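Coordinates from start_17.cif are shown below (mmCIF, C-alpha atoms and all ligand atoms).
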```
data_upload
loop_
_atom_site.group_PDB
_atom_site.id
_atom_site.type_symbol
_atom_site.label_atom_id
_atom_site.label_comp_id
_atom_site.auth_asym_id
_atom_site.auth_seq_id
_atom_site.Cartn_x
_atom_site.Cartn_y
_atom_site.Cartn_z
ATOM 1 C CA MET A 1 16.393 -25.351 -20.040
ATOM 2 C CA PRO A 2 15.321 -25.149 -16.385
ATOM 3 C CA GLU A 3 12.123 -27.065 -15.627
ATOM 4 C CA ILE A 4 9.519 -25.310 -13.489
ATOM 5 C CA LYS A 5 6.862 -27.371 -11.712
ATOM 6 C CA LEU A 6 3.885 -25.390 -10.460
ATOM 7 C CA ALA A 7 0.999 -27.359 -8.988
ATOM 8 C CA ASP A 8 0.155 -29.827 -11.789
ATOM 9 C CA ARG A 9 1.986 -27.924 -14.569
ATOM 10 C CA GLN A 10 5.523 -28.476 -15.878
ATOM 11 C CA ILE A 11 6.985 -25.559 -17.845
ATOM 12 C CA SER A 12 10.432 -25.087 -19.450
ATOM 13 C CA LEU A 13 11.770 -21.536 -19.192
ATOM 14 C CA PRO A 14 14.940 -20.074 -20.724
ATOM 15 C CA PRO A 15 17.791 -19.498 -18.259
ATOM 16 C CA GLY A 16 17.874 -15.874 -17.094
ATOM 17 C CA SER A 17 14.217 -15.232 -17.887
ATOM 18 C CA ASN A 18 11.834 -13.666 -15.378
ATOM 19 C CA LEU A 19 9.841 -16.342 -13.562
ATOM 20 C CA LEU A 20 6.563 -14.398 -13.337
ATOM 21 C CA ASP A 21 6.651 -13.377 -17.009
ATOM 22 C CA GLY A 22 7.457 -16.936 -18.069
ATOM 23 C CA LEU A 23 4.696 -18.509 -15.994
ATOM 24 C CA LEU A 24 2.084 -16.010 -17.181
ATOM 25 C CA ALA A 25 3.154 -16.445 -20.820
ATOM 26 C CA ALA A 26 2.727 -20.206 -20.397
ATOM 27 C CA GLY A 27 -0.840 -19.648 -19.168
ATOM 28 C CA ALA A 28 -0.210 -20.432 -15.480
ATOM 29 C CA GLN A 29 -2.435 -18.620 -12.984
ATOM 30 C CA VAL A 30 -0.083 -16.633 -10.758
ATOM 31 C CA PRO A 31 -1.434 -13.639 -8.825
ATOM 32 C CA TYR A 32 0.618 -10.459 -9.016
ATOM 33 C CA SER A 33 0.192 -6.748 -8.493
ATOM 34 C CA CYS A 34 3.172 -4.370 -8.170
ATOM 35 C CA ARG A 35 5.794 -6.402 -10.086
ATOM 36 C CA SER A 36 8.465 -4.614 -8.064
ATOM 37 C CA GLY A 37 9.003 -6.808 -5.005
ATOM 38 C CA HIS A 38 6.834 -4.833 -2.559
ATOM 39 C CA CYS A 39 3.357 -6.320 -2.312
ATOM 40 C CA GLN A 40 4.225 -10.043 -1.998
ATOM 41 C CA THR A 41 1.163 -10.948 -4.062
ATOM 42 C CA CYS A 42 3.327 -13.168 -6.304
ATOM 43 C CA LEU A 43 4.669 -15.384 -3.479
ATOM 44 C CA LEU A 44 5.482 -18.965 -4.467
ATOM 45 C CA GLN A 45 7.066 -21.658 -2.312
ATOM 46 C CA ASN A 46 9.968 -23.688 -3.663
ATOM 47 C CA HIS A 47 10.626 -27.158 -2.258
ATOM 48 C CA GLN A 48 13.973 -25.883 -0.991
ATOM 49 C CA ALA A 49 15.187 -22.468 0.146
ATOM 50 C CA LEU A 50 17.124 -20.216 -2.242
ATOM 51 C CA ALA A 51 20.312 -18.451 -1.118
ATOM 52 C CA ASP A 52 19.541 -15.638 1.361
ATOM 53 C CA ASP A 53 20.976 -13.004 -0.998
ATOM 54 C CA ASP A 54 18.997 -14.170 -4.046
ATOM 55 C CA PRO A 55 16.977 -11.143 -5.304
ATOM 56 C CA ALA A 56 13.898 -13.393 -5.402
ATOM 57 C CA CYS A 57 13.830 -13.701 -1.617
ATOM 58 C CA CYS A 58 16.289 -11.215 -0.083
ATOM 59 C CA ASN A 59 13.423 -8.860 0.915
ATOM 60 C CA LEU A 60 11.451 -11.613 2.645
ATOM 61 C CA SER A 61 11.679 -12.422 6.362
ATOM 62 C CA PRO A 62 14.230 -15.038 7.509
ATOM 63 C CA GLU A 63 11.296 -17.364 8.295
ATOM 64 C CA GLN A 64 9.860 -16.964 4.788
ATOM 65 C CA ARG A 65 13.270 -17.542 3.180
ATOM 66 C CA ALA A 66 13.928 -20.650 5.276
ATOM 67 C CA ALA A 67 10.540 -22.050 4.225
ATOM 68 C CA GLY A 68 11.426 -21.645 0.528
ATOM 69 C CA TRP A 69 9.190 -18.651 -0.296
ATOM 70 C CA LEU A 70 10.225 -16.461 -3.232
ATOM 71 C CA LEU A 71 8.766 -13.545 -5.180
ATOM 72 C CA ALA A 72 8.071 -14.631 -8.752
ATOM 73 C CA CYS A 73 8.359 -11.068 -10.093
ATOM 74 C CA GLN A 74 11.921 -10.774 -8.721
ATOM 75 C CA CYS A 75 13.080 -14.271 -9.685
ATOM 76 C CA GLN A 76 15.508 -14.871 -12.526
ATOM 77 C CA VAL A 77 15.254 -18.494 -13.607
ATOM 78 C CA THR A 78 18.630 -20.238 -13.215
ATOM 79 C CA GLN A 79 17.689 -23.724 -11.981
ATOM 80 C CA ASP A 80 14.837 -26.233 -11.788
ATOM 81 C CA LEU A 81 12.123 -25.134 -9.362
ATOM 82 C CA ASP A 82 9.356 -27.164 -7.707
ATOM 83 C CA LEU A 83 6.797 -24.540 -6.732
ATOM 84 C CA HIS A 84 3.563 -24.388 -4.785
ATOM 85 C CA PRO A 85 1.215 -21.397 -4.859
ATOM 86 C CA PHE A 86 0.511 -19.230 -1.807
ATOM 87 C CA ASP A 87 -2.837 -20.294 -0.369
ATOM 88 C CA PRO A 88 -4.331 -17.483 1.731
ATOM 89 C CA ARG A 89 -6.801 -19.927 3.329
ATOM 90 C CA HIS A 90 -3.855 -21.599 5.089
ATOM 91 C CA SER A 91 -1.203 -18.880 5.256
ATOM 92 C CA ALA A 92 -3.108 -15.610 5.810
ATOM 93 C CA VAL A 93 -5.424 -14.185 8.486
ATOM 94 C CA PRO A 94 -9.156 -14.490 7.725
ATOM 95 C CA ALA A 95 -11.108 -11.249 8.064
ATOM 96 C CA LEU A 96 -14.846 -10.560 7.994
ATOM 97 C CA ILE A 97 -16.197 -7.749 5.867
ATOM 98 C CA THR A 98 -17.969 -5.474 8.352
ATOM 99 C CA GLY A 99 -18.883 -2.594 6.072
ATOM 100 C CA GLN A 100 -18.411 -0.787 2.780
ATOM 101 C CA THR A 101 -19.093 2.917 2.295
ATOM 102 C CA ARG A 102 -18.822 4.872 -0.954
ATOM 103 C CA LEU A 103 -16.598 7.885 -0.274
ATOM 104 C CA ALA A 104 -16.849 8.925 -3.944
ATOM 105 C CA ASP A 105 -18.166 7.436 -7.186
ATOM 106 C CA ASP A 106 -14.873 5.600 -7.606
ATOM 107 C CA VAL A 107 -13.622 5.172 -4.019
ATOM 108 C CA LEU A 108 -14.883 2.626 -1.518
ATOM 109 C CA GLU A 109 -14.045 2.493 2.184
ATOM 110 C CA LEU A 110 -13.731 -1.210 3.013
ATOM 111 C CA ARG A 111 -13.901 -2.248 6.679
ATOM 112 C CA LEU A 112 -12.612 -5.610 7.891
ATOM 113 C CA ARG A 113 -12.514 -7.344 11.270
ATOM 114 C CA PRO A 114 -9.583 -9.800 11.430
ATOM 115 C CA ARG A 115 -10.320 -13.177 13.006
ATOM 116 C CA GLY A 116 -6.790 -13.699 14.270
ATOM 117 C CA LEU A 117 -3.845 -11.780 15.637
ATOM 118 C CA LEU A 118 -2.668 -9.050 13.288
ATOM 119 C CA ARG A 119 -0.116 -6.454 14.392
ATOM 120 C CA TYR A 120 0.026 -3.243 12.389
ATOM 121 C CA PHE A 121 0.483 0.519 12.494
ATOM 122 C CA ALA A 122 -1.754 3.052 10.790
ATOM 123 C CA GLY A 123 -0.219 3.735 7.369
ATOM 124 C CA GLN A 124 1.331 0.316 6.778
ATOM 125 C CA HIS A 125 0.060 -1.781 3.895
ATOM 126 C CA ALA A 126 -1.460 -5.260 3.786
ATOM 127 C CA THR A 127 -2.285 -7.672 0.985
ATOM 128 C CA LEU A 128 -6.008 -8.450 0.720
ATOM 129 C CA TRP A 129 -6.897 -11.799 -0.851
ATOM 130 C CA LEU A 130 -10.291 -12.738 -2.273
ATOM 131 C CA ASP A 131 -8.994 -16.214 -3.166
ATOM 132 C CA GLU A 132 -5.676 -17.849 -4.043
ATOM 133 C CA HIS A 133 -5.642 -16.175 -7.470
ATOM 134 C CA LEU A 134 -6.616 -12.613 -6.585
ATOM 135 C CA GLY A 135 -4.788 -10.397 -4.086
ATOM 136 C CA ARG A 136 -4.025 -6.659 -3.966
ATOM 137 C CA SER A 137 -2.000 -4.488 -1.617
ATOM 138 C CA TYR A 138 -3.724 -1.556 0.142
ATOM 139 C CA SER A 139 -2.655 0.899 2.830
ATOM 140 C CA ILE A 140 -4.279 0.780 6.253
ATOM 141 C CA ALA A 141 -6.430 3.833 6.988
ATOM 142 C CA SER A 142 -7.330 2.983 10.596
ATOM 143 C CA LEU A 143 -5.697 2.678 14.025
ATOM 144 C CA PRO A 144 -5.024 -0.693 15.696
ATOM 145 C CA ASP A 145 -7.304 0.083 18.655
ATOM 146 C CA GLN A 146 -10.311 0.578 16.345
ATOM 147 C CA GLY A 147 -10.649 -3.218 16.148
ATOM 148 C CA GLU A 148 -11.316 -2.924 12.412
ATOM 149 C CA LEU A 149 -9.031 -2.288 9.476
ATOM 150 C CA HIS A 150 -10.141 0.365 7.010
ATOM 151 C CA PHE A 151 -8.918 0.643 3.409
ATOM 152 C CA HIS A 152 -9.685 3.164 0.670
ATOM 153 C CA VAL A 153 -10.176 1.080 -2.467
ATOM 154 C CA ARG A 154 -10.140 2.807 -5.865
ATOM 155 C CA LEU A 155 -12.852 1.300 -8.084
ATOM 156 C CA TYR A 156 -11.689 0.675 -11.646
ATOM 157 C CA PRO A 157 -14.374 -0.060 -14.273
ATOM 158 C CA HIS A 158 -12.770 -3.388 -15.210
ATOM 159 C CA GLY A 159 -10.615 -3.927 -12.109
ATOM 160 C CA ALA A 160 -10.706 -7.604 -11.149
ATOM 161 C CA PHE A 161 -10.311 -6.974 -7.403
ATOM 162 C CA SER A 162 -12.269 -3.758 -7.004
ATOM 163 C CA GLN A 163 -15.247 -4.958 -9.025
ATOM 164 C CA ARG A 164 -15.468 -8.193 -7.034
ATOM 165 C CA ILE A 165 -15.011 -6.706 -3.573
ATOM 166 C CA GLN A 166 -17.787 -4.158 -4.036
ATOM 167 C CA ARG A 167 -20.243 -6.976 -4.792
ATOM 168 C CA MET A 168 -19.387 -8.886 -1.606
ATOM 169 C CA ASP A 169 -21.627 -8.674 1.459
ATOM 170 C CA ASN A 170 -20.969 -7.927 5.100
ATOM 171 C CA GLY A 171 -20.080 -11.130 6.937
ATOM 172 C CA GLN A 172 -18.206 -12.665 4.007
ATOM 173 C CA THR A 173 -14.588 -13.650 4.592
ATOM 174 C CA ILE A 174 -11.472 -12.478 2.782
ATOM 175 C CA TYR A 175 -7.818 -12.899 3.872
ATOM 176 C CA LEU A 176 -5.008 -10.578 4.989
ATOM 177 C CA SER A 177 -1.255 -11.107 4.717
ATOM 178 C CA ASN A 178 2.045 -9.256 4.460
ATOM 179 C CA VAL A 179 1.476 -6.317 6.801
ATOM 180 C CA ALA A 180 4.557 -4.164 6.236
ATOM 181 C CA GLY A 181 5.807 -0.667 5.464
ATOM 182 C CA ASN A 182 7.871 2.053 7.142
ATOM 183 C CA CYS A 183 5.417 4.876 6.577
ATOM 184 C CA HIS A 184 3.880 5.174 10.044
ATOM 185 C CA TYR A 185 4.104 7.474 13.074
ATOM 186 C CA ASP A 186 7.141 7.349 15.345
ATOM 187 C CA PRO A 187 6.600 8.707 18.911
ATOM 188 C CA ASP A 188 10.145 10.171 18.762
ATOM 189 C CA TRP A 189 8.704 12.817 16.418
ATOM 190 C CA HIS A 190 6.350 14.160 19.114
ATOM 191 C CA ASP A 191 7.755 17.732 19.072
ATOM 192 C CA ARG A 192 8.597 17.970 15.355
ATOM 193 C CA PRO A 193 6.230 19.431 12.737
ATOM 194 C CA LEU A 194 4.617 16.768 10.551
ATOM 195 C CA LEU A 195 4.031 17.466 6.868
ATOM 196 C CA LEU A 196 1.783 14.876 5.199
ATOM 197 C CA LEU A 197 1.541 15.032 1.392
ATOM 198 C CA ALA A 198 -1.056 12.830 -0.298
ATOM 199 C CA ARG A 199 -2.457 12.221 -3.715
ATOM 200 C CA GLY A 200 -5.486 10.069 -4.508
ATOM 201 C CA THR A 201 -6.491 7.388 -2.014
ATOM 202 C CA ALA A 202 -3.236 7.923 -0.068
ATOM 203 C CA VAL A 203 -5.171 10.535 1.910
ATOM 204 C CA GLY A 204 -6.806 7.715 3.914
ATOM 205 C CA MET A 205 -3.568 6.315 5.309
ATOM 206 C CA LEU A 206 -2.023 9.750 5.946
ATOM 207 C CA GLN A 207 -5.061 10.969 7.880
ATOM 208 C CA ALA A 208 -4.832 7.749 9.935
ATOM 209 C CA ILE A 209 -1.159 8.519 10.651
ATOM 210 C CA ALA A 210 -2.172 12.033 11.769
ATOM 211 C CA ARG A 211 -4.861 10.589 14.071
ATOM 212 C CA ASP A 212 -2.297 8.156 15.473
ATOM 213 C CA ALA A 213 0.102 11.058 16.117
ATOM 214 C CA LEU A 214 -2.590 13.043 17.965
ATOM 215 C CA LYS A 215 -3.527 9.991 20.000
ATOM 216 C CA GLN A 216 0.095 9.556 21.039
ATOM 217 C CA GLY A 217 0.317 13.169 22.246
ATOM 218 C CA HIS A 218 2.026 14.781 19.258
ATOM 219 C CA SER A 219 2.584 18.389 20.332
ATOM 220 C CA ALA A 220 3.865 20.114 17.162
ATOM 221 C CA GLY A 221 1.792 21.147 14.153
ATOM 222 C CA ILE A 222 0.454 18.648 11.614
ATOM 223 C CA THR A 223 -0.165 19.829 8.043
ATOM 224 C CA LEU A 224 -2.044 17.526 5.663
ATOM 225 C CA ILE A 225 -1.942 18.614 2.017
ATOM 226 C CA VAL A 226 -3.975 16.705 -0.566
ATOM 227 C CA TRP A 227 -3.216 16.988 -4.287
ATOM 228 C CA GLN A 228 -6.230 16.874 -6.619
ATOM 229 C CA ARG A 229 -6.472 16.849 -10.409
ATOM 230 C CA SER A 230 -8.558 20.015 -10.208
ATOM 231 C CA GLU A 231 -10.071 22.093 -7.423
ATOM 232 C CA ASP A 232 -13.332 20.148 -7.364
ATOM 233 C CA SER A 233 -12.050 16.633 -8.106
ATOM 234 C CA GLY A 234 -11.115 15.461 -4.596
ATOM 235 C CA TYR A 235 -13.083 13.202 -2.260
ATOM 236 C CA TRP A 236 -13.717 13.021 1.494
ATOM 237 C CA GLN A 237 -13.060 16.764 1.774
ATOM 238 C CA GLN A 238 -15.900 17.657 4.149
ATOM 239 C CA SER A 239 -14.990 14.862 6.560
ATOM 240 C CA LEU A 240 -11.345 15.902 6.528
ATOM 241 C CA GLN A 241 -12.199 19.558 7.045
ATOM 242 C CA SER A 242 -14.489 18.882 9.999
ATOM 243 C CA TRP A 243 -11.907 16.524 11.532
ATOM 244 C CA ALA A 244 -9.180 19.184 11.104
ATOM 245 C CA ASN A 245 -11.458 21.835 12.640
ATOM 246 C CA GLN A 246 -11.603 19.790 15.845
ATOM 247 C CA HIS A 247 -7.822 19.849 16.272
ATOM 248 C CA PRO A 248 -6.120 23.243 16.709
ATOM 249 C CA THR A 249 -2.695 21.848 15.726
ATOM 250 C CA VAL A 250 -3.970 20.367 12.433
ATOM 251 C CA THR A 251 -4.002 22.264 9.127
ATOM 252 C CA TYR A 252 -5.757 20.710 6.123
ATOM 253 C CA LEU A 253 -5.068 22.107 2.648
ATOM 254 C CA THR A 254 -5.847 21.006 -0.891
ATOM 255 C CA THR A 255 -3.821 21.867 -3.965
ATOM 256 C CA THR A 256 -3.334 20.917 -7.607
ATOM 257 C CA ASP A 257 -0.307 19.902 -9.683
ATOM 258 C CA ALA A 258 -0.108 23.434 -11.031
ATOM 259 C CA GLU A 259 -0.117 25.037 -7.566
ATOM 260 C CA GLY A 260 1.576 22.367 -5.437
ATOM 261 C CA ASP A 261 5.214 23.335 -6.016
ATOM 262 C CA ARG A 262 4.457 26.961 -5.208
ATOM 263 C CA LEU A 263 2.625 25.931 -2.042
ATOM 264 C CA LEU A 264 5.574 23.844 -0.828
ATOM 265 C CA ARG A 265 7.914 26.776 -1.336
ATOM 266 C CA ARG A 266 5.685 28.977 0.829
ATOM 267 C CA ARG A 267 7.667 30.534 3.643
ATOM 268 C CA GLY A 268 7.122 28.860 6.998
ATOM 269 C CA LEU A 269 5.414 25.713 5.698
ATOM 270 C CA VAL A 270 8.509 23.516 6.104
ATOM 271 C CA ALA A 271 10.706 23.943 9.210
ATOM 272 C CA ARG A 272 14.253 22.595 9.498
ATOM 273 C CA ASN A 273 13.116 19.805 11.843
ATOM 274 C CA THR A 274 9.966 18.829 9.897
ATOM 275 C CA MET A 275 9.251 15.159 9.236
ATOM 276 C CA ALA A 276 7.616 14.750 5.817
ATOM 277 C CA LEU A 277 5.561 11.708 4.777
ATOM 278 C CA VAL A 278 4.742 11.551 1.066
ATOM 279 C CA CYS A 279 2.303 9.010 -0.393
ATOM 280 C CA GLY A 280 0.748 8.585 -3.826
ATOM 281 C CA SER A 281 1.752 7.345 -7.261
ATOM 282 C CA PRO A 282 5.491 6.825 -7.933
ATOM 283 C CA ALA A 283 5.543 9.952 -10.123
ATOM 284 C CA PHE A 284 3.904 12.037 -7.380
ATOM 285 C CA VAL A 285 6.338 10.800 -4.712
ATOM 286 C CA GLU A 286 9.306 11.514 -6.972
ATOM 287 C CA ARG A 287 8.060 14.992 -7.804
ATOM 288 C CA GLN A 288 7.719 16.109 -4.167
ATOM 289 C CA ARG A 289 11.285 15.191 -3.198
ATOM 290 C CA LYS A 290 12.937 18.145 -4.908
ATOM 291 C CA PRO A 291 10.943 20.951 -3.230
ATOM 292 C CA LEU A 292 11.402 19.223 0.131
ATOM 293 C CA PHE A 293 15.181 19.015 -0.379
ATOM 294 C CA MET A 294 15.141 22.663 -1.511
ATOM 295 C CA ASN A 295 13.449 23.496 1.802
ATOM 296 C CA GLY A 296 16.460 22.032 3.600
ATOM 297 C CA LEU A 297 15.076 18.617 4.581
ATOM 298 C CA ALA A 298 17.585 15.744 4.664
ATOM 299 C CA ARG A 299 16.780 12.367 3.109
ATOM 300 C CA ARG A 300 16.175 10.861 6.560
ATOM 301 C CA GLN A 301 13.422 13.447 7.192
ATOM 302 C CA ILE A 302 11.363 12.233 4.229
ATOM 303 C CA LEU A 303 9.435 8.946 4.334
ATOM 304 C CA ASP A 304 7.553 7.940 1.248
ATOM 305 C CA GLU A 305 5.229 5.208 0.066
ATOM 306 C CA ALA A 306 4.583 4.825 -3.641
ATOM 307 C CA PHE A 307 1.222 3.288 -4.512
ATOM 308 C CA LEU A 308 2.564 0.842 -7.056
ATOM 309 C CA GLY A 309 -0.832 -0.732 -7.540
ATOM 310 C CA SER A 310 -2.145 2.554 -8.865
ATOM 311 C CA GLN A 311 0.685 2.621 -11.376
ATOM 312 C CA THR A 312 -0.153 -0.910 -12.487
ATOM 313 C CA ALA A 313 -3.790 0.004 -12.765
ATOM 314 C CA ALA A 314 -2.926 3.093 -14.775
ATOM 315 C CA VAL A 315 -1.121 0.881 -17.258
ATOM 316 C CA ASP A 316 -3.691 -1.882 -17.122
ATOM 317 C CA PRO A 317 -7.121 -0.696 -15.988
ATOM 318 C CA ASN A 318 -8.253 -4.309 -15.645
ATOM 319 C CA HIS A 319 -5.776 -4.887 -12.877
ATOM 320 C CA GLY A 320 -7.112 -2.731 -10.007
HETATM 321 S S1 LIG B 1 5.976 -8.433 -5.080
HETATM 322 FE FE1 LIG B 1 5.742 -9.486 -6.953
HETATM 323 S S2 LIG B 1 3.966 -8.614 -7.820
HETATM 324 FE FE2 LIG B 1 4.277 -7.428 -6.002
#
```

Represent the structure of the file as structure tokens.
Ligand code: FES
Amino acid sequence: MPEIKLADRQISLPPGSNLLDGLLAAGAQVPYSCRSGHCQTCLLQNHQALADDDPACCNLSPEQRAAGWLLACQCQVTQDLDLHPFDPRHSAVPALITGQTRLADDVLELRLRPRGLLRYFAGQHATLWLDEHLGRSYSIASLPDQGELHFHVRLYPHGAFSQRIQRMDNGQTIYLSNVAGNCHYDPDWHDRPLLLLARGTAVGMLQAIARDALKQGHSAGITLIVWQRSEDSGYWQQSLQSWANQHPTVTYLTTTDAEGDRLLRRRGLVARNTMALVCGSPAFVERQRKPLFMNGLARRQILDEAFLGSQTAAVDPNHG
């Protein structure tokens, strides 16, 4: 059986088994979040690089692959591995907590000032680390020139990350890594209608994308539609409405699961050259594709970002 060394542990795992599952079952402390190869929370470094096309590392950058990094959740054990954990204190950008504001009983706006160079677009996601064992991926709800990164953090009653972060004080340091994601504004869209569909805390990143578009001179209409469980269950509505009121090209609407499909079929809401950005849980993202296709949009006109962390948290409320 392949032998896996991790820090001071030595663990035998059956060939073909999943590395993350095997390590967790053996009691090793390995951080993870999405389990689907997106968030890079489960990064481990092998003493030698795997093949570039190995599923455990094929989505990582060439530099990460060359340095032996792999994603434990995507790794099928086929050989001995000599692994070291990702240490955000050495491999991520430190960031000071500059503020926390409750946007709702269960949503916190977290503001961070990075203490190093960090390139990002509004709408991309980053992994936030409290220590080497606890990291979560969140979408960026601010613009690069704000000097601060903003995140909308859902507070789960037993969520390891969310419960700890809300007890931290301004001036304390956490760490940022893995800024990535294709869901951001492209200046080439300047004269095309933008349709932004959000559910839950995805509204933060999509409003940031809309602000980025306006800042870059977007001339066509921008429609932001937010799905809520019921008519009075949303958050941040007054702020969004007053922001939308200041911009004649912006329309802000709320809807529910029951009404959403009908709204998307409304005549004139989706033009042939619309760019649609859809963000929320995997089920929400999947559900919106069909009405958008029915409205004549091609696959390349739809960008989506599934909040895999919210799916994990829905399965395991201790994980958020
Ligand atoms: S990439 Fe492995 S847990 Fe997210």

Query raised in the report: For this file, the PyMOL selection byres (((not hetatm)) within 12 of (chain B and resi 1)) selects which residues, as a ChimeraX atom specification?
Result: /A:18-21,30-44,55-60,69-75,126-127,134-138,178,307-309,311-312,319

Query raised in the report: Quick one: which residues end up in the PyMOL selection byres (((chain A and resi 294-305) around 7) and not hetatm) for this structure, as a list in words?
Result: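 Given this file, the PyMOL selection byres (((chain A and resi 294-305) around 7) and not hetatm) evaluates to Cys183, Val270, Arg272, Thr274, Met275, Ala276, Leu277, Val278, Cys279, Gly280, Val285, Lys290, Pro291, Leu292, Phe293, Ala306 and Phe307 of chain A.
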
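Shortest separation to Asn170 (chain A) among A:Gln288, A:Gln76, A:Ser139, A:Gln100 occurs at residue A:Gln100, atoms counted being all atoms listed in the file.
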
Ala7 (chain A) surroundings by only C-alpha atoms, 12 Å radius, close-in-sequence under 4 positions cut, as a PDB file with C-alpha atoms, in the coordinates of the input:
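Output contents, as saved in part.pdb:
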```pdb
ATOM      1  CA  ILE A  11       6.985 -25.559 -17.845  1.00  0.00           C
ATOM      2  CA  LEU A  23       4.696 -18.509 -15.994  1.00  0.00           C
ATOM      3  CA  ALA A  28      -0.210 -20.432 -15.480  1.00  0.00           C
ATOM      4  CA  GLN A  29      -2.435 -18.620 -12.984  1.00  0.00           C
ATOM      5  CA  VAL A  30      -0.083 -16.633 -10.758  1.00  0.00           C
ATOM      6  CA  LEU A  44       5.482 -18.965  -4.467  1.00  0.00           C
ATOM      7  CA  GLN A  45       7.066 -21.658  -2.312  1.00  0.00           C
ATOM      8  CA  ASN A  46       9.968 -23.688  -3.663  1.00  0.00           C
ATOM      9  CA  HIS A  47      10.626 -27.158  -2.258  1.00  0.00           C
ATOM     10  CA  LEU A  81      12.123 -25.134  -9.362  1.00  0.00           C
ATOM     11  CA  ASP A  82       9.356 -27.164  -7.707  1.00  0.00           C
ATOM     12  CA  LEU A  83       6.797 -24.540  -6.732  1.00  0.00           C
ATOM     13  CA  HIS A  84       3.563 -24.388  -4.785  1.00  0.00           C
ATOM     14  CA  PRO A  85       1.215 -21.397  -4.859  1.00  0.00           C
ATOM     15  CA  PHE A  86       0.511 -19.230  -1.807  1.00  0.00           C
ATOM     16  CA  ASP A  87      -2.837 -20.294  -0.369  1.00  0.00           C
TER      17      ASP A  87
END
```

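You will find CA of Leu214 (chain A) at 9.1 Å from CA of His190 (chain A).
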
Query raised in the report: CA of Val226 (chain A) to CA of Gln238 (chain A): how many Å, to one decimal?
Result: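 Interatomic distance, CA of Val226 (chain A) to CA of Gln238 (chain A): 12.9 Å.
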
Requested in this report: Please write as a VMD selection string the full residue list that the PyMOL selection byres (((chain A and resi 256) around 9) and not hetatm) yields on this file.
Outcome: chain A and resid 226 to 231 254 to 255 257 to 260

Export C-alpha atoms of the chosen residues as a compact mmCIF listing (two decimals), in the frame of the given file?
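out_4.txt was written with the following content:
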```txt
# COMPACT_ATOMS: atom_id res chain seq x y z
CA VAL A 226 -3.98 16.70 -0.57
CA TRP A 227 -3.22 16.99 -4.29
CA GLN A 228 -6.23 16.87 -6.62
CA ARG A 229 -6.47 16.85 -10.41
CA SER A 230 -8.56 20.02 -10.21
CA GLU A 231 -10.07 22.09 -7.42
CA THR A 254 -5.85 21.01 -0.89
CA THR A 255 -3.82 21.87 -3.96
CA ASP A 257 -0.31 19.90 -9.68
CA ALA A 258 -0.11 23.43 -11.03
CA GLU A 259 -0.12 25.04 -7.57
CA GLY A 260 1.58 22.37 -5.44
```

Report task. Between CA of Pro94 (chain A) and CA of Gly116 (chain A), measure the distance and give it in Å to one decimal. Result ->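 Interatomic distance, CA of Pro94 (chain A) to CA of Gly116 (chain A): 7.0 Å.
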
Query - Distance query Gln124 (chain A) at most 10 Å, all atoms listed in the file, self and fewer than 3 positions along chain excluded, as JSON, numbers by chain - result: {"A": [120, 121, 138, 139, 140, 141, 142, 178, 179, 180, 181, 182, 183, 184, 185, 205, 209, 305]}

Query raised in the report: Between A:Asp131, A:Asp191, A:Asp212, A:Asp52, which is the closest to Ile174 (chain A) once you count all atoms listed in the file?
Result: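 Between A:Asp131, A:Asp191, A:Asp212, A:Asp52, the residue approaching Ile174 (chain A) most closely is A:Asp131.
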
**Report entry** A:His247, A:Arg154, A:Ser239, A:Ala49 ranked by distance to Glu63 (chain A), top pick (using only C-alpha atoms)
**Finding:**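 Of A:His247, A:Arg154, A:Ser239, A:Ala49, the one nearest Glu63 (chain A) is A:Ala49, counting only C-alpha atoms.
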
Requested in this report: Could you give me, as JSON, numbers by chain, the residues within 9 Å of Arg211 (chain A), counting all atoms listed in the file and dropping anything in the same chain fewer than 5 positions from it?
Outcome: {"A": [122, 142, 143, 206, 216]}

Query raised in the report: Counting only C-alpha atoms, which residues come within 9 Å of (-4.1, -16.8, 2.9), with the point read in the file's coordinates, and could you list them as an MDAnalysis selection string?
Result: chainID A and resid 86:94 128:129 131:132 174:177

Could you give me region 73-77 of chain A completed to N, CA, C and O atoms, formatted as a short mmCIF file (atom, residue, chain, number, x, y, z; two decimals), in the coordinates of the input?
```
data_model
loop_
_atom_site.label_atom_id
_atom_site.label_comp_id
_atom_site.auth_asym_id
_atom_site.auth_seq_id
_atom_site.Cartn_x
_atom_site.Cartn_y
_atom_site.Cartn_z
N CYS A 73 8.04 -12.23 -9.25
CA CYS A 73 8.36 -11.07 -10.09
C CYS A 73 9.83 -10.68 -9.99
O CYS A 73 10.33 -9.95 -10.83
N GLN A 74 10.51 -11.13 -8.92
CA GLN A 74 11.92 -10.77 -8.72
C GLN A 74 12.85 -11.94 -9.03
O GLN A 74 14.05 -11.87 -8.79
N CYS A 75 12.30 -13.04 -9.54
CA CYS A 75 13.08 -14.27 -9.68
C CYS A 75 13.58 -14.44 -11.12
O CYS A 75 12.79 -14.49 -12.06
N GLN A 76 14.90 -14.54 -11.24
CA GLN A 76 15.51 -14.87 -12.53
C GLN A 76 15.72 -16.38 -12.54
O GLN A 76 16.34 -16.93 -11.63
N VAL A 77 15.20 -17.03 -13.57
CA VAL A 77 15.25 -18.49 -13.61
C VAL A 77 16.68 -18.95 -13.91
O VAL A 77 17.25 -18.59 -14.95
#
```
